[in-house]
Each structure stands twice: as structure tokens, then as C-alpha cells.
Amino acid sequence: MGFYSTSLGLVGVYVGVNILINLFLAYRVSANRVRSKVMTGTGDDEQLYNANRAHVTNVEYVPITLAGLIVLHLLAASIYVMHIVGLALTIGRILHAIGVSRTSESSPPRLIGTLLTWIALLVAGIACLWYVIV
């Protein structure tokens, strides 16, 4: 029972942190909308565009990965596998947001953030199948 409770707490930490990251990114979009007076779309404002892209891509990847993390908990997956998924996702999304927020061009934080996010998805997907099959 202790392992099960520990892994639920772990899921809670990653879900909570990623919710706060998403809220911060949403705030940045709203603040840029007020600054630029562009309430729909992004207009020609590069800062608003970059903030919007950071938020949109976060919303694209985080929910499905967190769903995988929750399923891993339900399947009583190794806490180490769950940490790999949670850390890769969280660090990846932070790095990606930093990279996209600075420029719409490719950048090392954006690239590393994308790779870490994909690693989180890959590990979650394979681990879900592994714990069901084995």
C-alpha cells in the first residue's frame, strides 16, 4: 500500500507543477494581448505570437502525457519509470517554453525541450503497454 500511495503523490506533484506551468504560460499570452491590444489571434506582434505558441504547444503535449502518467500509476508501474516520464515532461516543457518565448526560430532550449517531451511520451506509451502485457 505504501508504494501505491507514494506513486499517487508523485503523480500529484507532476500534475500540479504542469498545471502551474500551463497557467503561467496562459498568463503570458493574456498579458501580451493586453500590451498589444490584440484580443484575437496574434496580429503582427512577435512577442504575442511566441507566447501563444509556447502555451499552445504546452496544451498539445501535457494532457496526454499526464494521462499516461496516471495510467502508469494505476498499473503500479515502477516509481523510476514514472519519474522518467514526469521529469522529462516537466523539464522538457519548461525548456521548450523558454526557447519558443525568446524567438520563433529554432533554439537549443526549444530543441532539447521537444526531445525531452517526446521521450516522456515514448516512455509513457511503451511502459503502459509493457505493464499490461508483462
# chains A, B, ... in the order shown; residues from 1 in each chain; ligands from 1
$ residues_around --residues "A:Leu111" --least-positions-apart "3" --cutoff "12 Å" --atoms "only C-alpha atoms" --output "NGL selection string"
:A and (92-100 or 105-108 or 114-118)
$ closest_residue --among "A:Ala51, A:Leu69, A:Val123, A:Val62" --to "A:Leu20" --atoms "only C-alpha atoms"
A:Val62
$ residues_around --residues "A:Gly41" --least-positions-apart "2" --cutoff "12 Å" --atoms "only C-alpha atoms" --output "PyMOL selection string"
chain A and resi 29-30+32-33+36-39+43-46+48-53
$ write_last_selection --atoms "N, CA, C and O atoms" --output "short mmCIF file (atom, residue, chain, number, x, y, z; two decimals), in the first residue's frame"
data_model
loop_
_atom_site.label_atom_id
_atom_site.label_comp_id
_atom_site.auth_asym_id
_atom_site.auth_seq_id
_atom_site.Cartn_x
_atom_site.Cartn_y
_atom_site.Cartn_z
N VAL A 29 0.30 34.91 -22.32
CA VAL A 29 -0.48 35.22 -23.51
C VAL A 29 -1.42 36.38 -23.21
O VAL A 29 -1.50 37.36 -23.97
N SER A 30 -2.13 36.31 -22.11
CA SER A 30 -3.08 37.36 -21.74
C SER A 30 -2.37 38.70 -21.54
O SER A 30 -2.86 39.74 -22.00
N ASN A 32 0.40 39.70 -22.88
CA ASN A 32 0.81 40.20 -24.20
C ASN A 32 -0.39 40.69 -25.01
O ASN A 32 -0.25 41.63 -25.80
N ARG A 33 -1.55 40.09 -24.83
CA ARG A 33 -2.75 40.57 -25.51
C ARG A 33 -3.11 41.98 -25.03
O ARG A 33 -3.43 42.85 -25.82
N SER A 36 -0.45 44.49 -26.37
CA SER A 36 -0.51 44.75 -27.81
C SER A 36 -1.90 45.15 -28.29
O SER A 36 -2.06 45.54 -29.44
N LYS A 37 -2.91 45.03 -27.39
CA LYS A 37 -4.30 45.33 -27.74
C LYS A 37 -4.81 44.44 -28.88
O LYS A 37 -5.62 44.86 -29.69
N VAL A 38 -4.30 43.22 -28.94
CA VAL A 38 -4.76 42.22 -29.92
C VAL A 38 -5.48 41.14 -29.12
O VAL A 38 -4.85 40.36 -28.42
N MET A 39 -6.80 41.11 -29.23
CA MET A 39 -7.58 40.20 -28.41
C MET A 39 -7.87 38.86 -29.11
O MET A 39 -8.23 37.88 -28.46
N GLY A 43 -2.00 38.89 -34.54
CA GLY A 43 -1.64 40.06 -35.33
C GLY A 43 -0.21 39.97 -35.83
O GLY A 43 0.27 38.90 -36.16
N ASP A 44 0.46 41.09 -35.84
CA ASP A 44 1.86 41.14 -36.27
C ASP A 44 2.81 41.21 -35.08
O ASP A 44 3.99 41.50 -35.24
N ASP A 45 2.30 40.95 -33.88
CA ASP A 45 3.09 41.08 -32.67
C ASP A 45 3.88 39.79 -32.41
O ASP A 45 3.31 38.75 -32.09
N GLU A 46 5.20 39.88 -32.55
CA GLU A 46 6.04 38.69 -32.41
C GLU A 46 6.05 38.15 -30.97
O GLU A 46 6.04 36.94 -30.76
N LEU A 48 3.64 38.35 -28.76
CA LEU A 48 2.37 37.67 -28.55
C LEU A 48 2.35 36.33 -29.28
O LEU A 48 1.91 35.32 -28.74
N TYR A 49 2.87 36.31 -30.49
CA TYR A 49 2.94 35.07 -31.26
C TYR A 49 3.75 34.02 -30.52
O TYR A 49 3.33 32.87 -30.38
N ASN A 50 4.93 34.41 -30.02
CA ASN A 50 5.81 33.47 -29.33
C ASN A 50 5.17 32.97 -28.03
O ASN A 50 5.25 31.78 -27.71
N ALA A 51 4.55 33.87 -27.26
CA ALA A 51 3.88 33.47 -26.03
C ALA A 51 2.73 32.51 -26.34
O ALA A 51 2.53 31.51 -25.64
N ASN A 52 1.99 32.81 -27.40
CA ASN A 52 0.88 31.96 -27.81
C ASN A 52 1.37 30.57 -28.21
O ASN A 52 0.78 29.55 -27.83
N ARG A 53 2.44 30.50 -28.98
CA ARG A 53 2.99 29.20 -29.41
C ARG A 53 3.48 28.39 -28.22
O ARG A 53 3.29 27.18 -28.16
#
$ atom_distance --atom1 "atom CA of A:Ile84" --atom2 "atom CA of A:Ser7"
12.8 Å
$ closest_atom_pairs --of "stretch 25-70 of chain A" --to "stretch 11-18 of chain A" --cutoff "12 Å" --atoms "only C-alpha atoms" --output "tab-separated table"
residue	atom	partner	partner_atom	distance
A:Leu25	CA	A:Asn18	CA	10.5
A:His55	CA	A:Asn18	CA	11.8
A:Asn58	CA	A:Asn18	CA	9.1
A:Val59	CA	A:Asn18	CA	10.1
A:Tyr61	CA	A:Asn18	CA	10.8
A:Val62	CA	A:Asn18	CA	7.4
A:Pro63	CA	A:Val15	CA	9.1
A:Ile64	CA	A:Val15	CA	11.5
A:Thr65	CA	A:Val15	CA	9.9
A:Leu66	CA	A:Val15	CA	6.6
A:Ala67	CA	A:Val15	CA	9.5
A:Gly68	CA	A:Val11	CA	10.3
A:Leu69	CA	A:Val11	CA	6.7
A:Ile70	CA	A:Val11	CA	6.6
$ residues_around --residues "A:Ser78" --least-positions-apart "4" --cutoff "10 Å" --atoms "only C-alpha atoms" --output "VMD selection string"
chain A and resid 3 7 72 to 73 82 to 83 127 131
$ write_last_selection --atoms "all heavy atoms" --output "compact mmCIF listing (two decimals), in the first residue's frame"
# COMPACT_ATOMS: atom_id res chain seq x y z
N PHE A 3 3.77 1.82 -1.45
CA PHE A 3 4.25 2.11 -2.81
C PHE A 3 3.16 2.78 -3.61
O PHE A 3 3.37 3.75 -4.30
CB PHE A 3 4.70 0.82 -3.51
CG PHE A 3 4.99 1.02 -4.97
CD1 PHE A 3 6.20 1.54 -5.37
CD2 PHE A 3 4.05 0.71 -5.94
CE1 PHE A 3 6.48 1.75 -6.71
CE2 PHE A 3 4.32 0.92 -7.28
CZ PHE A 3 5.54 1.43 -7.67
N SER A 7 3.35 6.52 -5.19
CA SER A 7 3.27 6.81 -6.62
C SER A 7 2.12 7.77 -6.91
O SER A 7 2.21 8.59 -7.83
CB SER A 7 3.15 5.53 -7.45
OG SER A 7 1.90 4.90 -7.27
N LEU A 72 0.03 4.80 -15.69
CA LEU A 72 1.18 4.09 -15.13
C LEU A 72 1.00 3.89 -13.62
O LEU A 72 1.30 2.83 -13.08
CB LEU A 72 2.49 4.82 -15.43
CG LEU A 72 2.96 4.73 -16.88
CD1 LEU A 72 4.13 5.67 -17.11
CD2 LEU A 72 3.30 3.30 -17.24
N HIS A 73 0.49 4.90 -12.94
CA HIS A 73 0.20 4.75 -11.51
C HIS A 73 -0.82 3.64 -11.29
O HIS A 73 -0.64 2.78 -10.41
CB HIS A 73 -0.31 6.06 -10.93
CG HIS A 73 -1.03 5.89 -9.64
ND1 HIS A 73 -0.39 5.57 -8.47
CD2 HIS A 73 -2.35 5.95 -9.36
CE1 HIS A 73 -1.30 5.45 -7.51
NE2 HIS A 73 -2.49 5.68 -8.02
N MET A 82 8.02 6.22 -13.70
CA MET A 82 7.13 7.37 -13.55
C MET A 82 7.92 8.68 -13.41
O MET A 82 7.54 9.71 -13.96
CB MET A 82 6.19 7.15 -12.37
CG MET A 82 5.22 6.00 -12.62
SD MET A 82 4.22 5.58 -11.19
CE MET A 82 3.23 7.05 -11.03
N HIS A 83 9.03 8.62 -12.69
CA HIS A 83 9.89 9.81 -12.57
C HIS A 83 10.51 10.18 -13.91
O HIS A 83 10.63 11.37 -14.23
CB HIS A 83 11.00 9.59 -11.53
CG HIS A 83 10.63 10.00 -10.15
ND1 HIS A 83 10.20 11.26 -9.82
CD2 HIS A 83 10.64 9.28 -8.99
CE1 HIS A 83 9.96 11.32 -8.52
NE2 HIS A 83 10.21 10.13 -8.00
N ALA A 127 5.84 2.02 -21.69
CA ALA A 127 5.66 1.48 -20.33
C ALA A 127 4.22 1.05 -20.09
O ALA A 127 3.98 0.01 -19.46
CB ALA A 127 6.09 2.51 -19.29
N TYR A 131 3.51 -2.78 -18.98
CA TYR A 131 2.87 -3.20 -17.73
C TYR A 131 1.55 -3.94 -17.96
O TYR A 131 1.11 -4.67 -17.10
CB TYR A 131 2.68 -2.00 -16.79
CG TYR A 131 3.98 -1.63 -16.11
CD1 TYR A 131 4.75 -0.58 -16.60
CD2 TYR A 131 4.45 -2.34 -15.03
CE1 TYR A 131 5.95 -0.24 -15.99
CE2 TYR A 131 5.65 -2.02 -14.40
CZ TYR A 131 6.39 -0.97 -14.90
OH TYR A 131 7.59 -0.66 -14.29
$ atom_distance --atom1 "atom CA of A:Leu121" --atom2 "atom CA of A:Ala26"
22.6 Å
$ closest_residue --among "A:Ile79, A:Ile21, A:Ile112, A:Leu122" --to "A:Gly9" --atoms "only C-alpha atoms"
A:Ile79
$ atom_distance --atom1 "atom CA of A:Val85" --atom2 "atom CA of A:Ile119"
7.7 Å
